[in-house]
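Engineer: One file is attached below, data_39.tsv, containing TSV, C-alpha atoms and all ligand atoms.
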```tsv
chain	number	residue	atom	x	y	z
D	1	MET	CA	-24.72	27.68	1.15
D	2	ARG	CA	-26.74	30.35	2.91
D	3	LYS	CA	-29.57	31.93	0.97
D	4	LYS	CA	-28.90	35.42	-0.35
D	5	ILE	CA	-31.94	37.66	-0.07
D	6	VAL	CA	-32.79	41.22	-1.04
D	7	ALA	CA	-36.16	42.31	0.32
D	8	GLY	CA	-37.93	45.62	-0.23
D	9	ASN	CA	-39.92	46.86	2.76
D	10	TRP	CA	-42.36	49.37	1.33
D	11	LYS	CA	-43.61	50.39	4.79
D	12	MET	CA	-46.76	52.59	4.68
D	13	ASN	CA	-46.11	53.76	1.12
D	14	ASN	CA	-47.88	53.23	-2.20
D	15	ASP	CA	-51.64	53.20	-2.66
D	16	LEU	CA	-53.25	50.79	-5.13
D	17	ALA	CA	-52.37	52.78	-8.25
D	18	HIS	CA	-48.76	53.29	-7.13
D	19	THR	CA	-48.45	49.62	-6.24
D	20	GLU	CA	-49.69	48.62	-9.69
D	21	SER	CA	-47.28	50.93	-11.42
D	22	LEU	CA	-44.29	49.96	-9.26
D	23	ILE	CA	-45.00	46.27	-9.82
D	24	SER	CA	-45.25	46.86	-13.54
D	25	ASP	CA	-41.85	48.62	-13.40
D	26	LEU	CA	-40.38	45.76	-11.35
D	27	LYS	CA	-41.52	43.24	-13.96
D	28	LYS	CA	-39.53	45.11	-16.63
D	29	GLN	CA	-36.28	44.84	-14.66
D	30	LYS	CA	-33.56	42.39	-15.63
D	31	ASN	CA	-32.70	40.12	-12.72
D	32	THR	CA	-29.07	38.97	-12.92
D	33	SER	CA	-28.75	38.31	-9.22
D	34	VAL	CA	-28.12	35.14	-7.24
D	35	ALA	CA	-30.31	36.60	-4.48
D	36	GLU	CA	-33.93	35.77	-3.79
D	37	VAL	CA	-36.00	38.91	-4.30
D	38	MET	CA	-38.94	39.88	-2.07
D	39	ILE	CA	-41.22	42.86	-1.70
D	40	ALA	CA	-43.45	43.74	1.25
D	41	PRO	CA	-46.35	45.97	0.18
D	42	THR	CA	-48.94	47.23	2.63
D	43	PHE	CA	-51.77	44.85	3.64
D	44	THR	CA	-54.42	46.37	1.36
D	45	ASN	CA	-52.27	45.66	-1.71
D	46	LEU	CA	-50.86	42.29	-0.77
D	47	TRP	CA	-53.40	40.21	-2.67
D	48	MET	CA	-53.10	42.27	-5.81
D	49	ALA	CA	-49.28	42.19	-5.59
D	50	PHE	CA	-49.30	38.45	-4.97
D	51	GLU	CA	-51.57	37.76	-7.96
D	52	SER	CA	-49.64	40.09	-10.19
D	53	LEU	CA	-46.25	38.55	-9.32
D	54	ARG	CA	-47.42	34.93	-9.22
D	55	GLN	CA	-45.46	33.97	-12.35
D	56	SER	CA	-42.41	36.03	-11.47
D	57	ASP	CA	-39.33	35.37	-9.37
D	58	ILE	CA	-40.32	38.08	-6.88
D	59	GLU	CA	-41.88	36.83	-3.64
D	60	VAL	CA	-44.56	38.94	-1.99
D	61	ILE	CA	-44.25	39.06	1.80
D	62	ALA	CA	-46.05	40.80	4.69
D	63	GLN	CA	-44.74	43.58	6.93
D	64	ASN	CA	-46.37	42.38	10.15
D	65	MET	CA	-49.04	40.11	11.63
D	66	HIS	CA	-50.81	39.37	14.90
D	67	PHE	CA	-50.01	36.31	17.03
D	68	ALA	CA	-53.62	35.16	17.46
D	69	GLU	CA	-55.36	32.93	14.91
D	70	SER	CA	-58.54	34.99	14.90
D	71	GLY	CA	-60.80	36.89	17.27
D	72	ALA	CA	-61.50	40.31	18.69
D	73	TYR	CA	-58.34	42.14	17.61
D	74	THR	CA	-59.71	45.05	15.63
D	75	GLY	CA	-57.41	46.15	12.84
D	76	GLU	CA	-55.14	43.11	12.98
D	77	ILE	CA	-54.21	40.39	10.47
D	78	SER	CA	-53.44	36.75	11.30
D	79	ALA	CA	-51.00	34.24	9.88
D	80	LYS	CA	-53.92	32.20	8.52
D	81	MET	CA	-55.23	35.25	6.64
D	82	LEU	CA	-51.83	35.81	5.07
D	83	LYS	CA	-51.52	32.13	4.17
D	84	SER	CA	-54.98	32.16	2.64
D	85	ILE	CA	-53.83	34.62	-0.03
D	86	GLY	CA	-50.56	32.74	-0.59
D	87	VAL	CA	-48.22	34.90	1.50
D	88	THR	CA	-45.82	32.65	3.43
D	89	THR	CA	-43.17	35.04	4.74
D	90	VAL	CA	-43.59	37.83	7.27
D	91	ILE	CA	-41.32	40.58	8.59
D	92	LEU	CA	-41.51	40.76	12.38
D	93	GLY	CA	-39.90	43.08	14.91
D	94	HIS	CA	-39.13	46.02	12.65
D	95	SER	CA	-37.77	48.91	14.72
D	96	GLU	CA	-40.73	51.07	13.64
D	97	ARG	CA	-43.09	48.45	15.12
D	98	ARG	CA	-40.99	48.40	18.27
D	99	ALA	CA	-40.80	52.21	18.55
D	100	TYR	CA	-44.31	53.30	17.51
D	101	PHE	CA	-46.40	50.25	18.43
D	102	ASN	CA	-44.60	49.15	21.58
D	103	GLU	CA	-43.65	45.74	20.27
D	104	THR	CA	-41.41	44.01	22.79
D	105	ASN	CA	-39.19	40.97	22.47
D	106	GLU	CA	-41.76	39.06	24.53
D	107	LEU	CA	-44.60	39.94	22.15
D	108	LEU	CA	-42.38	39.15	19.18
D	109	ALA	CA	-41.65	35.69	20.57
D	110	LYS	CA	-45.40	35.03	20.37
D	111	LYS	CA	-45.62	36.37	16.83
D	112	VAL	CA	-42.65	34.24	15.75
D	113	ASP	CA	-44.31	31.16	17.28
D	114	ALA	CA	-47.58	31.92	15.47
D	115	ALA	CA	-45.81	32.32	12.14
D	116	LEU	CA	-43.84	29.09	12.55
D	117	ASP	CA	-46.92	27.19	13.76
D	118	ASN	CA	-48.54	28.19	10.47
D	119	ASP	CA	-45.54	27.05	8.41
D	120	MET	CA	-44.55	30.59	7.56
D	121	SER	CA	-41.03	31.98	7.30
D	122	VAL	CA	-39.97	34.96	9.37
D	123	ILE	CA	-37.62	37.83	8.71
D	124	TYR	CA	-36.87	38.85	12.29
D	125	CYS	CA	-35.60	42.43	12.62
D	126	PHE	CA	-33.62	44.01	15.43
D	127	GLY	CA	-30.92	46.61	15.93
D	128	GLU	CA	-29.57	49.08	18.42
D	129	GLU	CA	-30.35	52.78	18.76
D	130	LEU	CA	-27.69	55.46	18.43
D	131	SER	CA	-27.53	55.93	22.22
D	132	ASP	CA	-26.80	52.21	22.64
D	133	ARG	CA	-23.93	52.40	20.19
D	134	LYS	CA	-22.55	55.58	21.74
D	135	SER	CA	-22.48	53.88	25.12
D	136	GLY	CA	-20.92	50.71	23.70
D	137	LYS	CA	-24.00	48.60	24.42
D	138	GLU	CA	-24.90	47.64	20.85
D	139	GLU	CA	-23.91	43.99	21.21
D	140	ASP	CA	-25.81	43.58	24.50
D	141	VAL	CA	-28.95	45.11	22.98
D	142	VAL	CA	-28.77	42.96	19.86
D	143	LYS	CA	-28.10	39.82	21.90
D	144	SER	CA	-31.16	40.40	24.07
D	145	GLN	CA	-33.36	41.22	21.06
D	146	ILE	CA	-32.36	37.90	19.50
D	147	SER	CA	-32.33	35.72	22.60
D	148	GLU	CA	-35.56	36.98	24.17
D	149	ALA	CA	-37.59	36.55	20.99
D	150	LEU	CA	-35.97	33.47	19.48
D	151	PHE	CA	-33.96	31.38	21.92
D	152	HIS	CA	-36.95	29.41	23.17
D	153	LEU	CA	-37.13	27.83	19.70
D	154	PRO	CA	-35.74	24.42	18.78
D	155	LYS	CA	-32.81	24.26	16.38
D	156	GLU	CA	-34.98	23.15	13.44
D	157	ALA	CA	-37.00	26.36	13.61
D	158	PHE	CA	-34.05	28.27	12.23
D	159	LYS	CA	-34.65	26.72	8.82
D	160	SER	CA	-37.58	29.16	8.61
D	161	ILE	CA	-35.91	32.21	10.12
D	162	VAL	CA	-33.91	34.95	8.47
D	163	LEU	CA	-32.36	37.64	10.66
D	164	ALA	CA	-32.24	41.31	9.68
D	165	TYR	CA	-29.84	43.59	11.54
D	166	GLU	CA	-31.13	47.14	11.15
D	167	PRO	CA	-29.36	49.69	13.35
D	168	VAL	CA	-32.04	52.26	14.14
D	169	TRP	CA	-29.66	55.18	13.56
D	170	ALA	CA	-29.16	54.06	9.94
D	171	ILE	CA	-32.83	53.66	8.98
D	172	GLY	CA	-34.11	56.34	6.64
D	173	THR	CA	-31.33	58.69	7.76
D	174	GLY	CA	-28.96	58.35	4.83
D	175	GLU	CA	-26.36	57.27	7.37
D	176	THR	CA	-25.33	53.70	6.63
D	177	ALA	CA	-23.36	51.44	8.93
D	178	SER	CA	-19.96	51.10	7.35
D	179	PRO	CA	-19.40	47.72	5.71
D	180	GLU	CA	-17.00	46.96	8.58
D	181	GLN	CA	-19.58	47.88	11.24
D	182	ALA	CA	-22.14	45.68	9.51
D	183	GLN	CA	-19.67	42.80	9.19
D	184	ASP	CA	-18.60	43.09	12.86
D	185	MET	CA	-22.20	42.96	14.08
D	186	HIS	CA	-23.18	40.15	11.71
D	187	ALA	CA	-20.18	38.11	12.90
D	188	PHE	CA	-21.25	38.78	16.51
D	189	ILE	CA	-24.81	37.63	15.70
D	190	ARG	CA	-23.47	34.45	14.13
D	191	LYS	CA	-21.27	33.82	17.17
D	192	THR	CA	-24.29	34.33	19.45
D	193	LEU	CA	-26.24	31.79	17.39
D	194	ALA	CA	-23.32	29.35	17.44
D	195	GLU	CA	-23.04	29.55	21.24
D	196	LYS	CA	-26.70	28.65	21.64
D	197	TYR	CA	-27.37	26.29	18.72
D	198	GLY	CA	-23.98	25.23	17.35
D	199	GLU	CA	-21.98	26.14	14.27
D	200	ASP	CA	-24.25	24.32	11.82
D	201	VAL	CA	-27.25	26.51	12.68
D	202	ALA	CA	-25.12	29.66	12.85
D	203	ASP	CA	-23.66	28.94	9.42
D	204	SER	CA	-27.03	28.22	7.84
D	205	VAL	CA	-29.01	31.30	8.92
D	206	SER	CA	-29.07	34.23	6.49
D	207	ILE	CA	-28.40	37.60	8.12
D	208	LEU	CA	-29.54	40.66	6.17
D	209	TYR	CA	-28.41	44.22	6.74
D	210	GLY	CA	-30.88	47.11	6.60
D	211	GLY	CA	-30.42	50.84	6.94
D	212	SER	CA	-29.90	53.28	4.06
D	213	VAL	CA	-28.77	50.64	1.58
D	214	LYS	CA	-28.57	52.34	-1.82
D	215	PRO	CA	-27.38	51.37	-5.30
D	216	ASP	CA	-24.02	53.04	-4.63
D	217	ASN	CA	-23.20	51.28	-1.34
D	218	ALA	CA	-24.90	47.89	-1.77
D	219	LYS	CA	-22.02	46.09	-3.47
D	220	GLU	CA	-19.53	46.90	-0.73
D	221	ILE	CA	-21.91	45.98	2.09
D	222	PHE	CA	-22.94	42.73	0.37
D	223	SER	CA	-19.30	41.81	-0.22
D	224	LYS	CA	-18.80	41.19	3.50
D	225	PRO	CA	-18.69	37.48	4.38
D	226	ASP	CA	-21.43	37.53	7.04
D	227	VAL	CA	-23.80	39.83	5.16
D	228	ASP	CA	-26.25	37.65	3.23
D	229	GLY	CA	-28.41	40.38	1.77
D	230	GLY	CA	-30.40	43.46	2.55
D	231	LEU	CA	-33.70	44.75	3.79
D	232	ILE	CA	-34.30	47.88	1.79
D	233	GLY	CA	-36.66	50.73	2.67
D	234	GLY	CA	-36.54	53.99	0.69
D	235	ALA	CA	-34.55	52.64	-2.24
D	236	SER	CA	-37.07	49.81	-2.78
D	237	LEU	CA	-39.73	52.32	-3.83
D	238	LYS	CA	-38.08	52.84	-7.22
D	239	ALA	CA	-37.75	49.80	-9.47
D	240	ASP	CA	-34.42	50.92	-11.00
D	241	ASP	CA	-32.81	51.58	-7.63
D	242	PHE	CA	-34.17	48.41	-6.10
D	243	PHE	CA	-32.89	46.25	-8.92
D	244	ALA	CA	-29.53	48.01	-8.92
D	245	ILE	CA	-29.30	46.78	-5.30
D	246	VAL	CA	-30.65	43.30	-6.13
D	247	ASN	CA	-28.17	42.97	-8.97
D	248	ALA	CA	-25.29	44.02	-6.71
D	249	PHE	CA	-25.25	40.33	-5.74
S	301	LIG	P1	-34.12	52.59	4.62
S	301	LIG	O1	-33.50	51.72	3.56
S	301	LIG	O2	-35.09	53.59	4.09
S	301	LIG	O3	-33.07	53.17	5.52
S	301	LIG	O4	-35.01	51.61	5.54
S	301	LIG	C1	-34.47	50.43	6.02
S	301	LIG	C2	-35.55	49.63	6.62
S	301	LIG	O5	-36.14	50.02	7.62
S	301	LIG	C3	-35.96	48.39	5.94
S	301	LIG	O6	-36.81	47.63	6.73
```
Would you mind writing the file out in structure tokens?
Ligand code: 13P

Structural biologist:
Amino acid sequence: MRKKIVAGNWKMNNDLAHTESLISDLKKQKNTSVAEVMIAPTFTNLWMAFESLRQSDIEVIAQNMHFAESGAYTGEISAKMLKSIGVTTVILGHSERRAYFNETNELLAKKVDAALDNDMSVIYCFGEELSDRKSGKEEDVVKSQISEALFHLPKEAFKSIVLAYEPVWAIGTGETASPEQAQDMHAFIRKTLAEKYGEDVADSVSILYGGSVKPDNAKEIFSKPDVDGGLIGGASLKADDFFAIVNAF
């Protein structure tokens, strides 16, 4: 059985006080879900969040990291630093990192390698832009984002990789991919994995959907057979909304 996951990507939101209060609200929520629950606070609050949620069933994960172990990379954070505070999962390749920080598939391949070399798990994000979809290129774009960053890896590496399909046109826009659009793309992603690594790998990798998932649309999206969970932005900033999505599983 593939893992079901609902992860909240807090992006560059919530200072220390907000993080404390949101975590305290999250702890009051009733978790009736079969899904694993994760939150990704900003770097400055990771340690506090990790300590505070140590006894809970919510995993604290990072939003990004550098590929190098250490050195002259001002402003960056390494896998070892994350591991040293107990964080063992990292989001890589978010479309905002690609768009605003010029992260390419080639760079992301190095980051993925660094995470795996440090026994971390990766939530690898990708997704087409609106212009790609309008010109019918969405599958080509997604295939190259996956193959260029991941297809150098051996089969076993996929035990530590979760994929997150996040169409750029649906992120923070209120416009969600329809459940059918999400299912079609997730099925295509699984087929792409099967062609390269075989059905066993394709069937075992969790594929999350991200892009304007809300309490009122989560159940329908999550009901699709190839959708194994969600990566949630805006709606993860309120404990009630986030857990309404979590409990949609
Ligand atoms: P929204 O849920 O705000 O659309 O963001 C999705 C996302 O980017 C999660 O990583």

Engineer: What do you get as a count of residues only if you pick all residues at most 10 Å from ligand LIG 301 (chain S), counting all atoms listed in the file?

Structural biologist: 41

Engineer: Separation of CA of Leu107 in chain D and CA of Ala149 in chain D, in Å?

Structural biologist: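 If I compute the distance from CA of Leu107 in chain D to CA of Ala149 in chain D, I get 7.9 Å.
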
Engineer: Neighbours of Lys143 in chain D within 12 Å (all atoms listed in the file; same-chain residues fewer than 5 positions away dropped), as an NGL selection string?

Structural biologist: :D and (105 or 126-128 or 137-138 or 148-151 or 165 or 185-186 or 188-193 or 195-196)

Engineer: State, in Å with one decimal place, the distance from CA of Ile23 in chain D to CA of Ile245 in chain D.

Structural biologist: 16.3 Å

Engineer: With all atoms listed in the file as the counted atoms, please give the residues lying no more than 10 Å from Asp228 in chain D, apart from itself and same-chain residues fewer than 5 positions off, as a PyMOL selection string.

Structural biologist: chain D and resi 2-6+35+162-164+186+205-209+221-223+249
